[in-house]
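Next up, query_26.txt (compact mmCIF, C-alpha atoms):
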```
# COMPACT_ATOMS: atom_id res chain seq x y z
CA MET A 263 -3.28 2.80 -18.92
CA THR A 264 -3.44 -0.39 -16.94
CA LYS A 265 -7.03 -1.03 -16.31
CA THR A 266 -9.15 -3.89 -15.11
CA SER A 267 -12.84 -3.62 -15.61
CA SER A 268 -15.89 -5.80 -15.63
CA ARG A 269 -16.97 -4.66 -19.05
CA PRO A 270 -17.31 -7.42 -21.63
CA PHE A 271 -14.56 -7.71 -24.17
CA VAL A 272 -15.24 -5.59 -27.22
CA ARG A 273 -14.20 -6.84 -30.63
CA GLY A 274 -11.65 -4.61 -32.34
CA TRP A 275 -9.75 -3.85 -29.17
CA PRO A 276 -6.88 -6.34 -29.41
CA VAL A 277 -4.24 -3.58 -29.44
CA VAL A 278 -5.66 -2.05 -26.30
CA ALA A 279 -5.92 -5.48 -24.70
CA ALA A 280 -2.31 -6.26 -25.59
CA ALA A 281 -1.20 -2.95 -24.09
CA LEU A 282 -3.13 -3.71 -20.89
CA TRP A 283 -1.69 -7.18 -20.69
CA LEU A 284 1.88 -6.01 -21.26
CA SER A 285 1.66 -3.38 -18.58
CA LEU A 286 -0.04 -5.69 -16.11
CA PRO A 287 1.75 -9.03 -16.24
CA ALA A 288 -0.02 -11.73 -14.25
CA HIS A 289 -2.13 -9.13 -12.47
CA ALA A 290 -5.33 -8.80 -14.43
CA ASP A 291 -7.22 -9.27 -11.18
CA VAL A 292 -8.89 -6.80 -8.83
CA GLY A 293 -7.85 -8.26 -5.47
CA GLN A 294 -7.37 -11.36 -3.37
CA ILE A 295 -8.94 -13.05 -0.35
CA LYS A 296 -6.35 -12.76 2.45
CA VAL A 297 -8.45 -13.87 5.44
CA ALA A 298 -11.38 -16.29 5.58
CA THR A 299 -13.09 -18.00 8.51
CA GLY A 300 -16.21 -20.20 8.51
CA GLN A 301 -18.41 -20.28 5.42
CA VAL A 302 -17.38 -17.91 2.64
CA PHE A 303 -18.63 -18.03 -0.96
CA VAL A 304 -17.84 -16.03 -4.05
CA ASP A 305 -20.60 -15.79 -6.67
CA ARG A 306 -19.13 -15.38 -10.16
CA ASN A 307 -20.86 -15.80 -13.54
CA GLY A 308 -23.75 -17.71 -11.99
CA GLN A 309 -21.47 -20.08 -10.09
CA SER A 310 -20.73 -20.20 -6.40
CA LEU A 311 -17.05 -20.73 -5.56
CA SER A 312 -15.56 -21.54 -2.20
CA GLY A 313 -14.12 -18.31 -0.81
CA ARG A 314 -10.78 -19.70 0.36
CA VAL A 315 -7.68 -17.72 1.32
CA GLY A 316 -5.68 -16.96 -1.82
CA LEU A 317 -8.63 -16.80 -4.24
CA VAL A 318 -8.04 -14.05 -6.81
CA LEU A 319 -11.07 -11.80 -7.20
CA GLU A 320 -12.62 -10.34 -10.33
CA ALA A 321 -14.80 -7.30 -10.86
CA ASP A 322 -18.50 -8.23 -10.43
CA ASP A 323 -17.72 -10.89 -7.81
CA VAL A 324 -20.20 -11.10 -4.93
CA LEU A 325 -18.80 -12.27 -1.57
CA ARG A 326 -21.16 -13.96 0.91
CA THR A 327 -20.47 -15.11 4.45
CA GLY A 328 -22.47 -17.60 6.52
CA SER A 329 -23.59 -17.16 10.12
CA ASP A 330 -20.11 -18.24 11.32
CA GLY A 331 -18.16 -16.66 8.46
CA SER A 332 -15.93 -13.64 7.87
CA VAL A 333 -13.72 -12.60 4.97
CA GLY A 334 -10.95 -10.04 4.39
CA ILE A 335 -9.73 -8.91 0.98
CA THR A 336 -6.91 -6.70 -0.29
CA MET A 337 -7.65 -4.86 -3.53
CA ARG A 338 -4.98 -3.97 -6.09
CA ASP A 339 -5.02 -0.33 -5.00
CA ASN A 340 -4.30 -1.48 -1.40
CA SER A 341 -7.87 -0.94 -0.19
CA LEU A 342 -8.78 -3.41 2.57
CA LEU A 343 -12.38 -4.63 2.88
CA SER A 344 -13.53 -7.11 5.50
CA ALA A 345 -17.00 -8.45 6.18
CA GLY A 346 -18.44 -10.12 9.26
CA PRO A 347 -21.03 -12.94 9.47
CA ASN A 348 -24.21 -13.00 7.33
CA SER A 349 -22.87 -10.45 4.91
CA ILE A 350 -23.29 -9.90 1.17
CA LEU A 351 -20.70 -7.65 -0.47
CA SER A 352 -20.62 -6.89 -4.21
CA LEU A 353 -17.51 -5.61 -6.00
CA GLU A 354 -19.45 -3.71 -8.62
CA ARG A 355 -16.69 -1.87 -10.41
CA PHE A 356 -12.91 -1.76 -10.11
CA GLU A 357 -10.55 0.03 -12.48
CA PHE A 358 -7.05 0.97 -11.45
CA ASP A 359 -4.00 2.47 -13.14
CA ALA A 360 -1.06 1.32 -11.03
CA THR A 361 1.18 4.08 -12.40
CA THR A 362 -1.07 7.10 -11.86
CA SER A 363 -3.35 5.68 -9.10
CA GLU A 364 -6.32 6.83 -11.14
CA GLY A 365 -9.32 4.56 -11.16
CA ARG A 366 -12.78 3.82 -9.94
CA PHE A 367 -13.98 1.53 -7.15
CA ASP A 368 -17.64 0.94 -6.31
CA ALA A 369 -18.65 -1.67 -3.76
CA ARG A 370 -22.07 -2.45 -2.29
CA LEU A 371 -22.98 -3.91 1.10
CA ARG A 372 -26.37 -5.57 0.70
CA ARG A 373 -26.43 -7.10 4.17
CA GLY A 374 -24.21 -7.60 7.21
CA THR A 375 -21.17 -5.71 8.46
CA LEU A 376 -18.22 -4.24 6.59
CA ALA A 377 -14.97 -2.57 7.62
CA VAL A 378 -13.16 -0.45 5.02
CA VAL A 379 -9.66 1.00 4.79
CA SER A 380 -9.52 2.95 1.55
CA GLY A 381 -6.51 2.73 -0.76
CA ARG A 382 -4.75 4.55 -3.55
CA ILE A 383 -7.84 5.18 -5.69
CA ALA A 384 -9.60 7.19 -2.96
CA LYS A 385 -6.35 8.92 -1.99
CA LYS A 386 -5.79 10.07 -5.56
CA SER A 387 -9.35 11.28 -6.13
CA PRO A 388 -11.97 11.60 -3.36
CA GLN A 389 -14.83 11.09 -5.83
CA ALA A 390 -13.43 7.84 -7.23
CA MET A 391 -14.53 5.40 -4.51
CA THR A 392 -18.02 4.75 -3.18
CA VAL A 393 -19.64 2.16 -0.94
CA ARG A 394 -23.38 1.76 -1.38
CA THR A 395 -25.91 0.42 1.10
CA PRO A 396 -29.56 -0.36 0.27
CA SER A 397 -30.50 3.29 0.90
CA ALA A 398 -27.38 5.45 0.79
CA VAL A 399 -24.15 6.21 -1.04
CA LEU A 400 -21.00 6.66 1.04
CA GLY A 401 -18.29 8.90 -0.40
CA VAL A 402 -14.82 7.93 0.81
CA ARG A 403 -12.22 10.62 1.44
CA GLY A 404 -9.18 8.53 2.33
CA THR A 405 -10.33 6.86 5.48
CA GLU A 406 -11.33 3.96 7.70
CA PHE A 407 -14.93 3.26 8.59
CA VAL A 408 -17.48 0.55 9.31
CA VAL A 409 -20.96 -0.01 7.86
CA SER A 410 -23.80 -2.29 8.88
CA VAL A 411 -27.04 -3.30 7.18
CA ASP A 412 -29.40 -5.31 9.40
CA GLU A 413 -32.46 -6.76 7.81
CA MET B 185 -52.36 -9.02 28.70
CA ASN B 186 -54.80 -11.48 27.10
CA SER B 187 -53.61 -13.56 24.22
CA LEU B 188 -55.52 -11.62 21.55
CA ALA B 189 -54.07 -8.27 22.61
CA ARG B 190 -50.64 -9.83 22.86
CA HIS B 191 -50.94 -11.26 19.38
CA ALA B 192 -52.06 -7.90 18.02
CA ALA B 193 -49.10 -6.18 19.68
CA LEU B 194 -46.72 -8.65 18.05
CA VAL B 195 -48.29 -8.03 14.64
CA VAL B 196 -47.97 -4.25 15.10
CA ALA B 197 -44.34 -4.64 16.14
CA ALA B 198 -43.65 -6.82 13.11
CA LEU B 199 -45.35 -4.30 10.79
CA LEU B 200 -43.35 -1.42 12.27
CA ALA B 201 -40.14 -3.37 11.80
CA ALA B 202 -41.08 -4.13 8.21
CA CYS B 203 -41.88 -0.46 7.50
CA ALA B 204 -38.58 0.65 8.93
CA GLY B 205 -36.77 -1.44 6.31
CA PRO B 206 -33.17 -2.43 6.86
CA LYS B 207 -31.37 -0.68 9.69
CA GLU B 208 -28.20 0.89 8.35
CA THR B 209 -25.38 2.47 10.32
CA ILE B 210 -22.05 4.04 9.36
CA VAL B 211 -19.25 4.90 11.82
CA LEU B 212 -16.02 6.77 10.97
CA LEU B 213 -12.97 5.22 12.66
CA PRO B 214 -9.81 6.99 13.84
CA ASN B 215 -7.08 7.14 11.22
CA PRO B 216 -3.84 5.66 12.61
CA ALA B 217 -1.75 7.89 10.35
CA GLY B 218 -3.54 10.94 11.75
CA GLN B 219 -4.51 12.30 8.33
CA GLU B 220 -7.68 14.28 7.90
CA THR B 221 -10.43 11.95 6.73
CA ALA B 222 -14.16 11.95 6.17
CA VAL B 223 -17.04 9.90 4.88
CA THR B 224 -20.03 11.52 3.23
CA VAL B 225 -23.35 9.74 3.71
CA THR B 226 -25.84 10.66 0.99
CA GLN B 227 -29.42 9.46 1.08
CA GLY B 228 -31.46 10.96 -1.74
CA THR B 229 -30.88 14.71 -1.54
CA ARG B 230 -29.74 14.67 2.09
CA GLU B 231 -26.14 14.41 3.13
CA VAL B 232 -24.28 14.05 6.42
CA VAL B 233 -20.49 14.35 6.64
CA LEU B 234 -18.70 12.22 9.25
CA ALA B 235 -15.38 13.97 9.94
CA ARG B 236 -14.29 13.08 13.49
CA PRO B 237 -13.47 9.64 14.90
CA TYR B 238 -16.63 7.78 15.97
CA ASP B 239 -18.93 10.24 14.23
CA ALA B 240 -21.79 8.01 13.11
CA ALA B 241 -24.97 8.14 11.06
CA ARG B 242 -28.05 5.95 10.93
CA LEU B 243 -30.31 5.99 7.93
CA GLY B 244 -33.99 6.59 8.39
CA ARG B 245 -36.89 7.53 6.19
CA SER B 246 -36.18 11.23 6.75
CA GLY B 247 -32.53 10.94 5.73
CA PRO B 248 -29.28 10.23 7.56
CA GLU B 249 -29.24 11.14 11.25
CA ALA B 250 -25.90 11.86 12.94
CA PHE B 251 -25.06 10.46 16.37
CA PRO B 252 -21.91 9.83 18.41
CA SER B 253 -20.64 6.25 18.57
CA SER B 254 -17.68 4.87 20.53
CA ALA B 255 -14.84 2.37 20.37
CA GLN B 256 -16.88 0.00 22.59
CA GLN B 257 -19.95 0.15 20.32
CA VAL B 258 -17.81 -0.42 17.24
CA GLN B 259 -16.12 -3.43 18.82
CA ALA B 260 -19.50 -4.87 19.86
CA GLY B 261 -21.14 -4.35 16.46
CA TYR B 262 -18.24 -4.84 14.06
CA GLY B 263 -15.72 -6.98 15.94
CA ARG B 264 -15.88 -9.91 13.49
CA ALA B 265 -15.52 -7.69 10.41
CA LEU B 266 -12.58 -5.84 11.98
CA ALA B 267 -10.92 -9.09 13.04
CA ALA B 268 -10.98 -10.25 9.38
CA GLN B 269 -9.14 -7.16 8.14
CA PRO B 270 -6.05 -8.16 6.12
CA LEU B 271 -2.63 -6.87 7.20
CA ALA B 272 -1.93 -3.46 5.66
CA PRO B 273 0.45 -3.61 2.67
CA ALA B 274 4.08 -2.99 3.69
CA GLN B 275 6.53 -1.02 1.58
CA PHE B 276 10.35 -1.27 1.43
CA THR B 277 13.06 0.35 -0.66
CA LEU B 278 16.39 -1.22 -1.63
CA PHE B 279 19.19 0.98 -3.00
CA PHE B 280 21.65 0.02 -5.73
CA VAL B 281 25.28 0.61 -6.67
CA GLU B 282 25.65 3.15 -9.52
CA GLY B 283 25.14 1.67 -12.99
CA LYS B 284 24.83 -1.87 -11.59
CA ASP B 285 22.21 -4.35 -10.56
CA GLU B 286 23.91 -4.98 -7.19
CA PHE B 287 22.21 -3.71 -4.09
CA THR B 288 24.13 -1.84 -1.41
CA ASP B 289 25.29 -3.60 1.77
CA GLU B 290 22.77 -1.69 3.84
CA SER B 291 19.98 -2.86 1.56
CA LYS B 292 20.97 -6.51 2.10
CA ARG B 293 19.78 -6.09 5.68
CA ILE B 294 16.45 -4.67 4.49
CA VAL B 295 15.85 -7.92 2.59
CA ASP B 296 15.63 -9.66 5.97
CA SER B 297 12.82 -7.30 7.02
CA VAL B 298 11.04 -7.98 3.74
CA PHE B 299 11.16 -11.70 4.47
CA ALA B 300 9.89 -11.22 8.00
CA GLU B 301 6.94 -9.34 6.51
CA ILE B 302 6.32 -12.04 3.89
CA ALA B 303 6.40 -14.73 6.61
CA ARG B 304 3.57 -12.98 8.50
CA ARG B 305 1.19 -13.43 5.60
CA PRO B 306 -0.62 -16.63 4.59
CA VAL B 307 -0.85 -15.69 0.88
CA PRO B 308 1.72 -12.97 0.23
CA ASP B 309 1.87 -11.26 -3.12
CA VAL B 310 4.89 -9.11 -3.80
CA ILE B 311 5.40 -6.33 -6.33
CA VAL B 312 8.97 -5.30 -7.18
CA ILE B 313 9.49 -2.06 -9.12
CA GLY B 314 12.98 -1.13 -10.37
CA HIS B 315 14.12 2.47 -10.91
CA THR B 316 17.31 4.21 -12.04
CA ASP B 317 18.86 7.65 -11.72
CA SER B 318 18.94 9.89 -14.78
CA VAL B 319 22.44 8.95 -16.02
CA GLY B 320 22.19 7.33 -19.46
CA SER B 321 19.53 6.86 -22.12
CA ASP B 322 15.92 5.87 -21.58
CA ALA B 323 16.53 2.55 -23.30
CA ALA B 324 19.56 1.68 -21.17
CA ASN B 325 17.76 2.69 -17.98
CA ASP B 326 14.66 0.67 -18.88
CA VAL B 327 16.89 -2.39 -19.17
CA LEU B 328 18.83 -1.59 -15.98
CA SER B 329 15.68 -0.92 -13.91
CA ARG B 330 14.20 -4.22 -15.03
CA GLN B 331 17.50 -6.00 -14.23
CA ARG B 332 17.40 -4.53 -10.73
CA ALA B 333 13.85 -5.77 -10.23
CA ASP B 334 14.84 -9.21 -11.56
CA VAL B 335 17.85 -9.38 -9.23
CA VAL B 336 15.55 -8.78 -6.29
CA ARG B 337 13.12 -11.39 -7.55
CA ALA B 338 15.98 -13.88 -7.95
CA ALA B 339 17.21 -13.10 -4.42
CA PHE B 340 13.71 -13.82 -3.15
CA ALA B 341 13.51 -17.05 -5.16
CA ALA B 342 16.86 -18.16 -3.68
CA ARG B 343 15.26 -17.80 -0.26
CA GLY B 344 12.23 -19.85 -1.21
CA LEU B 345 9.65 -17.32 -2.43
CA ALA B 346 8.04 -18.75 -5.59
CA ALA B 347 8.59 -16.56 -8.66
CA ASP B 348 4.86 -16.59 -9.47
CA LYS B 349 4.19 -14.71 -6.23
CA VAL B 350 6.41 -11.84 -7.39
CA VAL B 351 5.63 -9.34 -10.14
CA ALA B 352 8.80 -7.54 -11.33
CA ILE B 353 8.51 -4.28 -13.25
CA GLY B 354 11.10 -1.76 -14.53
CA ARG B 355 10.17 1.91 -14.76
CA GLY B 356 13.56 3.25 -15.97
CA LYS B 357 14.30 6.84 -14.99
CA ARG B 358 10.70 8.06 -15.33
CA GLU B 359 9.77 8.13 -11.64
CA PRO B 360 12.65 9.50 -9.58
CA ALA B 361 12.16 9.61 -5.81
CA ILE B 362 14.25 12.80 -5.88
CA PRO B 363 13.57 14.87 -9.03
CA THR B 364 16.81 15.88 -10.79
CA GLY B 365 17.89 17.15 -14.21
CA ASP B 366 18.98 14.64 -16.83
CA GLY B 367 22.36 12.92 -16.40
CA ILE B 368 22.52 13.28 -12.61
CA ALA B 369 23.90 10.41 -10.49
CA GLU B 370 21.51 10.37 -7.53
CA PRO B 371 21.87 7.37 -5.18
CA ARG B 372 18.35 7.75 -3.78
CA ASN B 373 16.89 7.24 -7.26
CA ARG B 374 18.79 3.98 -7.89
CA ARG B 375 16.30 1.83 -6.10
CA VAL B 376 13.83 -1.00 -6.11
CA GLU B 377 10.53 -0.47 -4.35
CA ILE B 378 8.98 -3.58 -2.83
CA LEU B 379 5.35 -3.86 -1.84
CA VAL B 380 4.30 -6.86 0.24
CA ARG B 381 0.54 -7.48 0.40
```
Re-express the file's structure as structure tokens.
Amino acid sequence: MTKTSSRPFVRGWPVVAAALWLSLPAHADVGQIKVATGQVFVDRNGQSLSGRVGLVLEADDVLRTGSDGSVGITMRDNSLLSAGPNSILSLERFEFDATTSEGRFDARLRRGTLAVVSGRIAKKSPQAMTVRTPSAVLGVRGTEFVVSVDE
Amino acid sequence: MNSLARHAALVVAALLAACAGPKETIVLLPNPAGQETAVTVTQGTREVVLARPYDAARLGRSGPEAFPSSAQQVQAGYGRALAAQPLAPAQFTLFFVEGKDEFTDESKRIVDSVFAEIARRPVPDVIVIGHTDSVGSDAANDVLSRQRADVVRAAFAARGLAADKVVAIGRGKREPAIPTGDGIAEPRNRRVEILVR
């Protein structure tokens, strides 16, 4: 099973880790920034990185755009997420088996606007992808949609 | 309106806005591939299903409320987010000569289309997956499928695509495009699938 998750590394799992690494050469990432305009930041482990085109994303990353900013990302399961200005988008969980398309993808829009094209995870299993807003959970059944959260 | 009344009205408006909390809206878009799609909007125990293009829901204190939106409203409200959408991943298949890591003449032309697709993208990443037909052992086909993927990666490198942008994988005979019994020479299974993202 090729799997990328945000869970901390557990001691005693080196065999599993080796198996994951072997089956996922150079791709232990969850996605990549493909489009960025204006101010874009990625919050990771308490640090704020510049959200430039090409940055490889990790599970638990939080993407933020400024008042002139927008960002577009492609996830490993081919999901496309793009956010407009003044947005905060969290990649809360991403696990993906590239062979079986099984996995789990949970994202959260805290503020701003988001456009979503779902990918292989949602196509394989309609319960496996959700997008949360401050007050609702969106279930994704292989589809394109937009979400906004205005404060 | 005197200034006191006006001030009071502003305070009331501000309080109402604060009580309403964030304003949240969801709109289902048309699916270009024409497949059946839907988004479920669940707020507490209440659920609304958006199933037709431009079906929309806004979230209120009494649960999600459905309403019809439109292409114009979506463009006005979400134009910047939609403009930042990455190009959809593009998929190609190259076919190979039986038992060899040479691709067919027809497939050489497909390589040009792959490069056109790569050139459209500022930070392309490319995944190359080799496959075989079912002639031969698992071990031999694992090697051959990986060789096919490597040949494609080398062809890309020769045209200037850095090797670190390409992941090459061999899947042997495990995932035929056309299912066959064992030991069957099937040209459509001797292939390399290329995904450009």
Chain B residues near chain A (6 Å cut-off, all atoms listed in the file) as a PyMOL selection string: chain B and resi 206-213+221-227+264-266+268-270+307
Computed interatomic separation between atom CA of Val324 of chain A and atom CA of Gly263 of chain B (Å):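 Computing it gives 21.7 Å between the two atoms.
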Coordinates-based distance that separates atom CA of His315 of chain B from atom CA of Ala352 of chain B (Å, one decimal):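 Atom-to-atom, atom CA of Ala352 of chain B and atom CA of His315 of chain B are spaced 11.3 Å apart.
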Surrounding residues of Ile383 of chain A excluding itself and chain neighbours under 5 positions, 6 Å, only C-alpha atoms, as a ChimeraX atom specification: /A:363-365
Atom CA of Gly283 of chain B to atom CA of Phe340 of chain B, distance in Å rounded to a single decimal: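 According to the coordinates, atom CA of Gly283 of chain B and atom CA of Phe340 of chain B are separated by 21.6 Å.
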Distance criterion (only C-alpha atoms): nearest to Phe303 of chain A out of A:Ser352, A:Gly328, A:Gln389, A:Glu357: A:Gly328
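Candidate residues B:Ala267, B:Gly228, B:Asn373, B:Val258 were compared for distance to Ala240 of chain B, and the nearest is B:Val258, using all atoms listed in the file.
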For Asn348 of chain A, the nearest of the candidates A:Leu319, A:Leu311, A:Met391, A:Val302, counting all atoms listed in the file: A:Val302
All residues 12 Å or closer to Asn307 of chain A, only C-alpha atoms, same chain fewer than 6 positions away omitted, as a ChimeraX atom specification: /A:268,320-324
Distance query 6 Å from (14.6, 3.0, -8.8) using only C-alpha atoms, result as a count of residues only: 7
Would you mind completing segment 314-336 of chain A so that it carries N, CA and C atoms, and writing it out as a short mmCIF file (atom, residue, chain, number, x, y, z; two decimals), in the coordinates of the input?
```cif
data_model
loop_
_atom_site.label_atom_id
_atom_site.label_comp_id
_atom_site.auth_asym_id
_atom_site.auth_seq_id
_atom_site.Cartn_x
_atom_site.Cartn_y
_atom_site.Cartn_z
N ARG A 314 -11.94 -19.31 -0.46
CA ARG A 314 -10.78 -19.70 0.36
C ARG A 314 -9.70 -18.62 0.29
N VAL A 315 -8.82 -18.66 1.29
CA VAL A 315 -7.68 -17.72 1.32
C VAL A 315 -6.84 -17.95 0.08
N GLY A 316 -6.49 -16.87 -0.62
CA GLY A 316 -5.68 -16.96 -1.82
C GLY A 316 -6.48 -16.78 -3.10
N LEU A 317 -7.82 -16.94 -3.02
CA LEU A 317 -8.63 -16.80 -4.24
C LEU A 317 -8.47 -15.39 -4.82
N VAL A 318 -8.18 -15.33 -6.12
CA VAL A 318 -8.04 -14.05 -6.81
C VAL A 318 -9.43 -13.58 -7.23
N LEU A 319 -9.73 -12.33 -6.96
CA LEU A 319 -11.07 -11.80 -7.20
C LEU A 319 -11.15 -11.07 -8.53
N GLU A 320 -12.37 -11.05 -9.08
CA GLU A 320 -12.62 -10.34 -10.33
C GLU A 320 -13.72 -9.30 -10.09
N ALA A 321 -13.73 -8.28 -10.94
CA ALA A 321 -14.80 -7.30 -10.86
C ALA A 321 -16.12 -8.03 -11.07
N ASP A 322 -17.18 -7.60 -10.39
CA ASP A 322 -18.50 -8.23 -10.43
C ASP A 322 -18.65 -9.41 -9.48
N ASP A 323 -17.58 -9.82 -8.80
CA ASP A 323 -17.72 -10.89 -7.81
C ASP A 323 -18.63 -10.42 -6.67
N VAL A 324 -19.39 -11.37 -6.12
CA VAL A 324 -20.20 -11.10 -4.93
C VAL A 324 -19.71 -12.03 -3.83
N LEU A 325 -19.29 -11.46 -2.69
CA LEU A 325 -18.80 -12.27 -1.57
C LEU A 325 -19.94 -12.44 -0.56
N ARG A 326 -20.11 -13.68 -0.09
CA ARG A 326 -21.16 -13.96 0.91
C ARG A 326 -20.55 -14.73 2.07
N THR A 327 -20.94 -14.37 3.28
CA THR A 327 -20.47 -15.11 4.45
C THR A 327 -21.66 -15.75 5.15
N GLY A 328 -21.44 -16.93 5.74
CA GLY A 328 -22.47 -17.60 6.52
C GLY A 328 -22.54 -17.05 7.94
N SER A 329 -23.36 -17.69 8.77
CA SER A 329 -23.59 -17.16 10.12
C SER A 329 -22.33 -17.26 10.99
N ASP A 330 -21.36 -18.11 10.57
CA ASP A 330 -20.11 -18.24 11.32
C ASP A 330 -18.93 -17.67 10.52
N GLY A 331 -19.23 -17.00 9.40
CA GLY A 331 -18.16 -16.66 8.46
C GLY A 331 -17.67 -15.22 8.56
N SER A 332 -16.44 -15.00 8.09
CA SER A 332 -15.93 -13.64 7.87
C SER A 332 -14.88 -13.73 6.78
N VAL A 333 -14.66 -12.60 6.09
CA VAL A 333 -13.72 -12.60 4.97
C VAL A 333 -13.01 -11.25 4.89
N GLY A 334 -11.72 -11.28 4.56
CA GLY A 334 -10.95 -10.04 4.39
C GLY A 334 -10.24 -10.05 3.05
N ILE A 335 -10.35 -8.96 2.31
CA ILE A 335 -9.73 -8.91 0.98
C ILE A 335 -8.85 -7.67 0.85
N THR A 336 -7.78 -7.83 0.06
CA THR A 336 -6.91 -6.70 -0.29
C THR A 336 -7.09 -6.44 -1.78
#
```
